[in-house]
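S.K.: Contents of query.cif (mmCIF, C-alpha atoms) are below:
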data_run
#
loop_
_atom_site.label_atom_id
_atom_site.label_comp_id
_atom_site.auth_asym_id
_atom_site.auth_seq_id
_atom_site.Cartn_x
_atom_site.Cartn_y
_atom_site.Cartn_z
CA MET A 1 -15.70 -7.84 20.49
CA LYS A 2 -12.83 -9.08 22.60
CA ILE A 3 -9.57 -10.56 21.49
CA ILE A 4 -7.98 -13.02 23.88
CA ASN A 5 -5.16 -11.46 25.89
CA PHE A 6 -1.67 -12.86 25.39
CA SER A 7 0.88 -13.51 28.08
CA LEU A 8 3.32 -15.39 25.87
CA CYS A 9 6.81 -14.06 25.51
CA PHE A 10 7.79 -12.72 22.12
CA GLY A 11 11.26 -11.55 23.16
CA LEU A 12 12.89 -12.19 19.83
CA LEU A 13 10.37 -9.89 18.19
CA LEU A 14 11.85 -6.91 19.99
CA PHE A 15 14.62 -7.02 17.41
CA ILE A 16 12.17 -6.76 14.56
CA SER A 17 11.24 -3.42 13.03
CA SER A 18 7.89 -2.02 14.06
CA CYS A 19 7.04 -1.24 10.44
CA GLY A 20 5.17 -4.39 9.47
CA GLU A 21 7.62 -4.68 6.55
CA LYS A 22 10.24 -6.88 8.19
CA ASN A 23 8.25 -7.62 11.26
CA ASN A 24 5.43 -10.04 10.87
CA ASP A 25 6.35 -13.25 12.61
CA SER A 26 4.63 -16.48 11.69
CA ALA A 27 2.94 -16.67 15.10
CA SER A 28 -0.83 -16.48 14.92
CA VAL A 29 -3.07 -14.21 16.92
CA PRO A 30 -6.08 -15.80 18.63
CA ASP A 31 -9.31 -16.40 16.79
CA PRO A 32 -12.09 -13.90 17.43
CA VAL A 33 -14.57 -14.89 20.09
CA GLU A 34 -17.60 -16.82 19.00
CA ASP A 35 -20.12 -14.00 19.30
CA GLN A 36 -18.54 -11.92 16.54
CA ASP A 37 -21.12 -10.16 14.37
CA GLN A 38 -21.13 -12.32 11.25
CA ARG A 39 -22.60 -9.51 9.14
CA ASN A 40 -19.29 -7.67 9.33
CA ALA A 41 -16.94 -10.57 9.97
CA PRO A 42 -13.85 -10.58 7.76
CA ILE A 43 -12.42 -13.68 6.16
CA PHE A 44 -9.29 -14.83 8.00
CA SER A 45 -6.33 -16.16 6.04
CA ASP A 46 -5.97 -19.22 8.27
CA SER A 47 -9.49 -20.26 7.28
CA VAL A 48 -8.46 -20.36 3.60
CA PRO A 49 -5.53 -22.78 3.32
CA ILE A 50 -2.78 -21.58 1.00
CA THR A 51 -1.28 -23.80 -1.68
CA GLU A 52 1.66 -23.31 -4.02
CA ASN A 53 1.09 -22.82 -7.74
CA ALA A 54 4.25 -23.79 -9.58
CA GLY A 55 2.76 -22.98 -12.97
CA TYR A 56 4.60 -19.68 -13.27
CA THR A 57 8.16 -18.60 -13.72
CA HIS A 58 9.77 -15.20 -14.17
CA GLU A 59 12.05 -13.26 -16.46
CA VAL A 60 14.17 -10.35 -15.26
CA VAL A 61 13.26 -7.30 -17.35
CA VAL A 62 14.97 -4.45 -15.48
CA PRO A 63 17.99 -5.62 -13.48
CA GLY A 64 20.19 -3.71 -11.07
CA LEU A 65 17.56 -2.23 -8.74
CA GLN A 66 17.67 -2.42 -4.96
CA ILE A 67 14.27 -1.29 -3.61
CA ALA A 68 12.17 -0.40 -6.63
CA TRP A 69 9.30 0.98 -4.53
CA GLY A 70 6.88 1.87 -7.30
CA MET A 71 6.40 1.56 -11.04
CA ALA A 72 3.98 2.93 -13.60
CA PHE A 73 3.57 2.45 -17.33
CA LEU A 74 3.38 5.25 -19.86
CA PRO A 75 1.02 4.88 -22.83
CA ASP A 76 3.93 3.96 -25.13
CA GLY A 77 4.69 0.90 -22.97
CA SER A 78 7.77 2.36 -21.31
CA MET A 79 8.04 2.28 -17.54
CA LEU A 80 8.77 4.74 -14.74
CA ILE A 81 10.43 3.19 -11.70
CA THR A 82 11.16 4.73 -8.30
CA GLU A 83 14.09 3.63 -6.16
CA LYS A 84 13.52 4.24 -2.46
CA SER A 85 17.00 5.77 -2.30
CA GLY A 86 15.73 8.70 -4.39
CA GLU A 87 16.32 7.86 -8.06
CA LEU A 88 13.60 7.88 -10.70
CA PHE A 89 14.26 5.79 -13.80
CA HIS A 90 12.64 5.73 -17.23
CA PHE A 91 12.93 2.28 -18.80
CA SER A 92 12.33 2.33 -22.55
CA ASN A 93 13.42 0.03 -25.39
CA GLY A 94 15.51 -2.05 -23.02
CA GLN A 95 17.43 0.95 -21.66
CA LYS A 96 17.24 2.42 -18.16
CA GLN A 97 17.75 6.19 -17.95
CA GLN A 98 17.89 8.12 -14.69
CA VAL A 99 15.46 11.04 -14.69
CA GLN A 100 16.84 14.33 -13.42
CA GLY A 101 15.03 16.98 -11.39
CA VAL A 102 13.45 14.68 -8.79
CA PRO A 103 12.28 16.61 -5.69
CA GLU A 104 14.58 16.55 -2.66
CA ILE A 105 13.99 13.26 -0.88
CA GLU A 106 14.34 12.79 2.89
CA GLN A 107 15.98 9.44 3.64
CA LEU A 108 14.42 8.50 6.97
CA GLY A 109 13.85 4.87 7.91
CA GLN A 110 11.09 3.57 5.65
CA GLY A 111 10.87 6.99 4.03
CA GLY A 112 12.35 7.80 0.65
CA LEU A 113 11.05 8.03 -2.91
CA LEU A 114 7.85 5.99 -2.83
CA ASP A 115 5.11 5.63 -5.42
CA VAL A 116 4.73 6.88 -8.98
CA ALA A 117 1.50 7.17 -10.99
CA VAL A 118 0.58 8.44 -14.45
CA HIS A 119 -2.50 10.59 -15.04
CA PRO A 120 -5.23 8.68 -16.94
CA ASP A 121 -5.11 11.41 -19.63
CA PHE A 122 -1.33 11.46 -19.81
CA ASP A 123 -1.39 11.64 -23.61
CA SER A 124 -3.07 15.04 -23.42
CA ASN A 125 -1.64 16.54 -20.21
CA GLY A 126 1.65 14.72 -19.48
CA TRP A 127 1.27 14.68 -15.68
CA ILE A 128 3.27 12.25 -13.52
CA TYR A 129 2.64 11.99 -9.77
CA LEU A 130 5.13 11.03 -7.03
CA THR A 131 4.90 10.42 -3.30
CA TYR A 132 8.01 10.66 -1.15
CA ALA A 133 9.36 11.59 2.26
CA SER A 134 10.00 15.33 2.44
CA SER A 135 11.60 17.55 5.09
CA GLU A 136 9.76 20.65 3.88
CA GLY A 137 7.60 22.44 6.42
CA GLU A 138 7.31 22.53 10.18
CA GLY A 139 9.48 20.45 12.49
CA ASN A 140 12.50 18.16 12.20
CA GLY A 141 12.46 14.95 10.21
CA GLY A 142 9.94 14.45 7.43
CA HIS A 143 6.47 13.50 6.29
CA THR A 144 4.87 12.16 3.11
CA ALA A 145 4.50 14.60 0.22
CA LEU A 146 2.73 14.41 -3.15
CA THR A 147 4.13 16.22 -6.20
CA ARG A 148 3.26 16.24 -9.88
CA ALA A 149 5.55 17.07 -12.80
CA LYS A 150 6.06 16.50 -16.51
CA LEU A 151 8.84 14.52 -18.19
CA GLU A 152 10.78 16.29 -20.92
CA ASP A 153 14.11 15.09 -22.32
CA GLY A 154 14.90 13.02 -19.26
CA GLN A 155 14.07 15.82 -16.84
CA LEU A 156 11.13 16.53 -14.52
CA VAL A 157 9.75 19.98 -15.28
CA GLU A 158 6.76 22.08 -14.15
CA LYS A 159 6.97 20.52 -10.68
CA GLN A 160 4.04 21.30 -8.38
CA LEU A 161 3.85 20.30 -4.72
CA LEU A 162 0.22 19.23 -4.27
CA TYR A 163 0.23 18.03 -0.68
CA LYS A 164 2.62 17.80 2.25
CA GLY A 165 1.81 15.97 5.49
CA SER A 166 2.53 17.83 8.71
CA PRO A 167 4.02 18.25 11.18
CA ASN A 168 7.31 16.56 10.33
CA SER A 169 8.47 13.72 12.54
CA THR A 170 11.85 12.09 13.12
CA ALA A 171 10.12 8.68 13.35
CA GLY A 172 11.21 6.35 10.57
CA GLN A 173 8.00 4.37 10.27
CA HIS A 174 4.86 4.31 8.22
CA PHE A 175 4.96 6.84 5.38
CA GLY A 176 2.52 4.80 3.24
CA SER A 177 2.16 5.43 0.28
CA ARG A 178 0.26 4.54 -2.91
CA ILE A 179 -1.43 6.73 -5.55
CA VAL A 180 -4.55 5.66 -7.51
CA PHE A 181 -6.92 7.63 -9.77
CA ASP A 182 -10.67 7.04 -9.61
CA ASN A 183 -13.22 7.09 -12.42
CA ASN A 184 -13.50 10.89 -12.16
CA ASP A 185 -9.71 11.40 -12.43
CA ASP A 186 -9.54 12.42 -8.78
CA LEU A 187 -6.55 10.93 -7.04
CA PHE A 188 -6.43 8.91 -3.85
CA PHE A 189 -3.19 8.49 -1.91
CA THR A 190 -2.22 7.07 1.45
CA ILE A 191 -0.08 8.15 4.39
CA GLY A 192 0.70 5.78 7.25
CA ASP A 193 0.41 6.73 10.91
CA ARG A 194 4.10 7.81 11.01
CA GLY A 195 4.71 5.64 14.08
CA ASP A 196 2.41 7.75 16.26
CA GLU A 197 -0.54 5.40 16.42
CA HIS A 198 -1.98 6.87 19.61
CA THR A 199 -2.31 10.36 18.10
CA ASN A 200 -2.59 10.46 14.33
CA PRO A 201 -4.97 7.81 12.94
CA GLN A 202 -8.04 8.77 14.99
CA ASP A 203 -7.55 12.56 14.82
CA ILE A 204 -8.96 14.15 11.65
CA THR A 205 -7.16 17.42 12.47
CA ARG A 206 -3.81 15.68 11.91
CA ASP A 207 -2.12 13.99 9.00
CA GLY A 208 -1.13 10.33 9.14
CA GLY A 209 -3.10 7.08 9.18
CA LYS A 210 -5.38 8.37 6.43
CA VAL A 211 -6.55 7.92 2.86
CA TYR A 212 -6.73 11.27 1.06
CA ARG A 213 -8.66 12.41 -2.01
CA LEU A 214 -7.68 15.40 -4.14
CA HIS A 215 -8.55 16.75 -7.54
CA GLU A 216 -5.81 16.17 -10.11
CA ASP A 217 -4.43 19.70 -9.52
CA GLY A 218 -4.23 19.21 -5.74
CA SER A 219 -7.37 21.14 -4.86
CA ILE A 220 -9.74 19.60 -2.32
CA PRO A 221 -13.08 18.24 -3.56
CA GLU A 222 -16.00 20.10 -2.07
CA ASP A 223 -17.73 16.82 -1.23
CA ASN A 224 -14.83 15.41 0.80
CA PRO A 225 -16.32 14.31 4.12
CA PHE A 226 -14.61 16.72 6.53
CA VAL A 227 -14.22 19.93 4.52
CA ASN A 228 -16.80 21.75 6.64
CA GLU A 229 -15.55 20.60 10.05
CA ASP A 230 -13.54 23.17 12.00
CA GLY A 231 -9.87 22.26 12.16
CA ALA A 232 -10.23 19.09 10.14
CA VAL A 233 -7.85 18.21 7.29
CA GLY A 234 -10.06 18.68 4.25
CA ALA A 235 -8.18 16.22 2.07
CA ILE A 236 -9.03 13.25 4.31
CA PHE A 237 -11.38 10.68 2.77
CA SER A 238 -11.09 7.92 5.42
CA TYR A 239 -9.08 7.46 8.60
CA GLY A 240 -8.02 4.97 11.28
CA HIS A 241 -5.43 3.30 9.03
CA ARG A 242 -2.02 1.98 10.07
CA ASN A 243 0.28 1.80 7.03
CA PRO A 244 -1.37 1.20 3.63
CA GLN A 245 1.17 0.14 0.99
CA GLY A 246 -1.17 -1.32 -1.60
CA MET A 247 -4.19 0.27 -3.24
CA ILE A 248 -6.20 -0.37 -6.41
CA LYS A 249 -9.36 0.82 -8.10
CA HIS A 250 -11.67 -2.14 -8.53
CA PRO A 251 -12.35 -2.14 -12.29
CA GLU A 252 -15.97 -3.26 -11.93
CA THR A 253 -17.21 -1.30 -8.92
CA GLY A 254 -14.86 1.69 -9.03
CA ASP A 255 -14.23 1.27 -5.28
CA MET A 256 -10.78 1.75 -3.81
CA TRP A 257 -9.40 -1.39 -2.20
CA LEU A 258 -6.34 -1.16 -0.02
CA HIS A 259 -4.26 -3.38 2.19
CA GLU A 260 -2.34 -2.22 5.18
CA HIS A 261 0.28 -3.55 7.54
CA GLY A 262 -0.97 -4.71 10.90
CA PRO A 263 1.32 -5.04 13.90
CA LEU A 264 2.10 -8.67 14.86
CA GLY A 265 -0.76 -10.36 13.06
CA GLY A 266 -3.65 -8.47 11.55
CA ASP A 267 -2.64 -7.26 8.09
CA GLU A 268 -5.91 -6.18 6.46
CA ILE A 269 -7.65 -5.65 3.15
CA ASN A 270 -10.18 -2.83 3.38
CA ILE A 271 -12.64 -1.31 0.94
CA VAL A 272 -12.34 2.46 1.29
CA LYS A 273 -15.58 4.25 2.14
CA LYS A 274 -16.16 7.96 2.49
CA ALA A 275 -15.76 9.22 6.08
CA ALA A 276 -15.26 5.68 7.39
CA ASN A 277 -13.08 4.96 10.43
CA TYR A 278 -11.06 1.75 10.09
CA GLY A 279 -10.30 1.64 13.77
CA TRP A 280 -6.54 1.63 14.22
CA PRO A 281 -5.44 1.43 17.02
CA GLU A 282 -8.78 1.34 18.86
CA VAL A 283 -9.54 -2.02 17.27
CA THR A 284 -7.10 -4.50 15.75
CA TYR A 285 -6.69 -8.21 15.12
CA GLY A 286 -2.98 -7.97 15.90
CA ILE A 287 -0.87 -7.61 19.04
CA ASP A 288 2.26 -5.60 19.77
CA TYR A 289 5.74 -6.89 19.03
CA ASP A 290 6.50 -7.57 22.69
CA GLY A 291 3.39 -9.74 22.96
CA SER A 292 1.33 -7.11 24.76
CA THR A 293 -2.25 -6.24 23.86
CA ILE A 294 -2.80 -3.11 21.78
CA SER A 295 -6.58 -3.22 22.12
CA GLU A 296 -9.01 -5.66 23.65
CA GLU A 297 -11.42 -4.85 20.80
CA THR A 298 -11.36 -6.30 17.30
CA THR A 299 -14.38 -4.45 15.96
CA GLY A 300 -17.11 -2.07 17.01
CA PRO A 301 -20.17 -0.17 15.76
CA ASP A 302 -18.14 2.97 14.94
CA PHE A 303 -15.53 1.15 12.87
CA GLU A 304 -15.49 -0.26 9.35
CA ALA A 305 -14.48 -3.93 9.36
CA PRO A 306 -11.87 -5.33 6.96
CA VAL A 307 -12.93 -7.82 4.31
CA PHE A 308 -9.82 -9.96 4.81
CA VAL A 309 -7.24 -10.39 7.59
CA TRP A 310 -3.91 -12.19 7.32
CA VAL A 311 -3.10 -14.34 10.35
CA PRO A 312 -0.14 -14.70 10.41
CA SER A 313 0.83 -11.46 8.74
CA ILE A 314 2.59 -11.49 5.38
CA ALA A 315 3.72 -7.82 5.40
CA PRO A 316 1.88 -6.90 2.18
CA SER A 317 3.19 -4.42 -0.39
CA GLY A 318 1.84 -3.77 -3.86
CA MET A 319 -1.45 -5.09 -5.21
CA ILE A 320 -3.27 -5.45 -8.52
CA TYR A 321 -6.62 -6.69 -9.76
CA VAL A 322 -5.83 -8.87 -12.77
CA THR A 323 -7.78 -8.07 -15.94
CA SER A 324 -5.43 -9.60 -18.52
CA ASP A 325 -6.38 -12.57 -20.67
CA THR A 326 -2.71 -13.64 -20.50
CA TYR A 327 -3.47 -15.20 -17.11
CA PRO A 328 -6.92 -16.85 -17.33
CA ASP A 329 -6.64 -18.51 -13.90
CA LEU A 330 -5.70 -15.20 -12.26
CA LYS A 331 -8.13 -12.93 -14.11
CA GLY A 332 -10.68 -11.26 -11.87
CA ASN A 333 -8.59 -11.85 -8.77
CA LEU A 334 -6.02 -10.04 -6.63
CA LEU A 335 -2.26 -10.40 -6.52
CA VAL A 336 -0.48 -9.09 -3.42
CA GLY A 337 3.23 -8.99 -2.68
CA ALA A 338 4.49 -10.64 0.52
CA LEU A 339 7.54 -8.85 1.87
CA LYS A 340 7.86 -11.14 4.88
CA PHE A 341 7.52 -14.51 3.16
CA GLN A 342 8.92 -13.49 -0.24
CA TYR A 343 6.26 -14.63 -2.67
CA VAL A 344 3.29 -13.27 -4.64
CA GLU A 345 -0.07 -14.19 -3.11
CA HIS A 346 -2.98 -14.95 -5.44
CA LEU A 347 -6.31 -14.23 -3.74
CA ALA A 348 -9.25 -15.64 -5.70
CA LEU A 349 -12.42 -13.60 -5.17
CA ASP A 350 -16.12 -14.31 -5.06
CA GLY A 351 -17.44 -10.76 -4.95
CA GLU A 352 -15.74 -9.24 -1.91
CA LYS A 353 -14.84 -12.60 -0.34
CA VAL A 354 -11.49 -14.35 -0.61
CA VAL A 355 -12.20 -18.01 -1.44
CA LYS A 356 -8.77 -19.32 -2.45
CA ARG A 357 -5.12 -18.51 -1.76
CA GLU A 358 -2.02 -19.50 -3.73
CA LYS A 359 1.68 -18.74 -3.57
CA LEU A 360 3.28 -17.72 -6.87
CA LEU A 361 7.06 -17.41 -7.32
CA ASN A 362 7.67 -18.81 -3.86
CA ASN A 363 10.94 -17.64 -2.26
CA ILE A 364 11.76 -15.25 -5.09
CA GLY A 365 12.54 -12.40 -2.67
CA ARG A 366 10.85 -9.46 -0.99
CA ILE A 367 8.04 -8.18 -3.24
CA ARG A 368 7.68 -4.40 -3.27
CA ASP A 369 5.21 -3.63 -6.08
CA ILE A 370 3.08 -5.35 -8.74
CA GLU A 371 1.68 -3.79 -11.92
CA GLN A 372 -0.09 -5.02 -15.04
CA GLY A 373 1.47 -3.62 -18.19
CA PRO A 374 -0.29 -2.44 -21.35
CA ASP A 375 1.08 -5.58 -23.04
CA GLY A 376 -1.04 -7.72 -20.70
CA PHE A 377 1.89 -9.09 -18.74
CA ILE A 378 2.29 -8.68 -14.99
CA TYR A 379 5.46 -7.02 -13.70
CA ILE A 380 6.79 -7.47 -10.19
CA SER A 381 9.39 -5.49 -8.25
CA VAL A 382 11.70 -7.79 -6.26
CA GLU A 383 14.14 -6.19 -3.84
CA GLY A 384 17.77 -6.71 -4.85
CA MET A 385 16.77 -8.23 -8.19
CA GLY A 386 14.82 -5.61 -10.13
CA ILE A 387 11.64 -5.82 -12.18
CA VAL A 388 10.55 -9.26 -13.36
CA LYS A 389 7.83 -10.39 -15.75
CA LEU A 390 5.44 -13.15 -14.61
CA ILE A 391 5.54 -15.94 -17.21
CA PRO A 392 2.87 -18.67 -17.39
CA GLU A 393 4.54 -22.02 -18.00
CA GLU A 394 3.22 -23.88 -21.01
#
Show this structure as structure tokens.

M.R.:
Amino acid sequence: MKIINFSLCFGLLLFISSCGEKNNDSASVPDPVEDQDQRNAPIFSDSVPITENAGYTHEVVVPGLQIAWGMAFLPDGSMLITEKSGELFHFSNGQKQQVQGVPEIEQLGQGGLLDVAVHPDFDSNGWIYLTYASSEGEGNGGHTALTRAKLEDGQLVEKQLLYKGSPNSTAGQHFGSRIVFDNNDDLFFTIGDRGDEHTNPQDITRDGGKVYRLHEDGSIPEDNPFVNEDGAVGAIFSYGHRNPQGMIKHPETGDMWLHEHGPLGGDEINIVKKAANYGWPEVTYGIDYDGSTISEETTGPDFEAPVFVWVPSIAPSGMIYVTSDTYPDLKGNLLVGALKFQYVEHLALDGEKVVKREKLLNNIGRIRDIEQGPDGFIYISVEGMGIVKLIPEE
């Protein structure tokens, strides 16, 4: 497929970060040409008009946070919260305690302390998982790392480095990274292309631009798709990604769904499939920030198509599939944070198709993460504000 070439000037966009986090201008990319294969055609956001749902308000639960990148609930209802600047907090009974013993964090552009996840059998094994930018290993700069540890008396103990991307890079872009457990208690996590889109995403011998799958102890599953290929990174599950910052396990199918930042235009929701190539940068629905064409192709027989594309981009971060009865009109649907436009986007689903879009908490601020708590309420990380609870208005 071809995407129409641009010659328009986007000069102001040169001042915008190339991360997709503060970048995505409201300009639209062209529609796909008419002969697109409809069997694999994604839904485009501009074909599903967005409305505002004012039926929700919010309550600040954990104030005083700047970029609370990730959060996870413990079985007792308390919350672990990562600050990108490198602090890990345990919020319990209304009190926020800083956890000691966090691994050394490399502060590099978008890199810092990223996601946090709790093992599904936390009650029996106590494992907590973190992703972060690390300078360990070969080369200057850093790359995304995955560590697990246990929490005892406000301290991380029994720390184990499970994975470290390599080689390090001084680029400040695209570390990913989300952590999700599947139905077998294997863990999936993401690493962005690290700003080297022409090398990393399409090369399975290199880290970056990938979704990875590991056993809970960091060992590589024998049925990972590339374990028997010479030189390949055995932990890779899928590749050709740009910068995934939202991932969930679909509670009905068990599939991993993720969204990822596009360039200018072309943020995507993808369903992760074993060994699949999602095409970046060989195919894309976006263009570069100077208005130039990244690829003439939007899809192809060797690439897995997205199920949804935002045009214009919203710079997505954080995502949940709502299962709580507290929100009957949201249940069974997706919520995605919009960094660029500073709202929560409700995506109503019919199977794998987005059929309705709504803005919740419009103009609240840059949304970094969204989680559903064990109490049935939805909690949202808002940059510069903290963690807020989504409240249905009566």

S.K.: Just the residues within 7 Å of Ala338 (chain A), please, counting only C-alpha atoms, with nothing from its chain fewer than 2 positions along; format it as a ChimeraX atom specification.

M.R.: /A:314-317,336,340-345,366-367

S.K.: With only C-alpha atoms counted, which protein, DNA or RNA residues have an atom no more than 6 Å from (0.1, 0.2, 6.8) in the file frame? Please answer as a PyMOL selection string.

M.R.: chain A and resi 192+242-245+260-261

S.K.: Taking 3 positions as the minimum chain separation for residues in the same chain, which residues sit within 12 Å of Lys274 (chain A) when counting only C-alpha atoms? Answer as a PyMOL selection string.

M.R.: chain A and resi 188+210-213+223-226+235-239+255-256+271+277-278+304

S.K.: Can you spell out as number ranges by chain the set of residues that the PyMOL selection byres ((chain A and resi 370) around 10) selects in the structure I just provided?

M.R.: A: 69-72, 246, 317-321, 335-337, 344, 367-369, 371-373, 378-382, 387-389

S.K.: Considering all atoms listed in the file, can you say which of A:Val61, A:Pro312, A:Asn200, A:Gln107 comes closest to Ser92 (chain A)?

M.R.: A:Val61
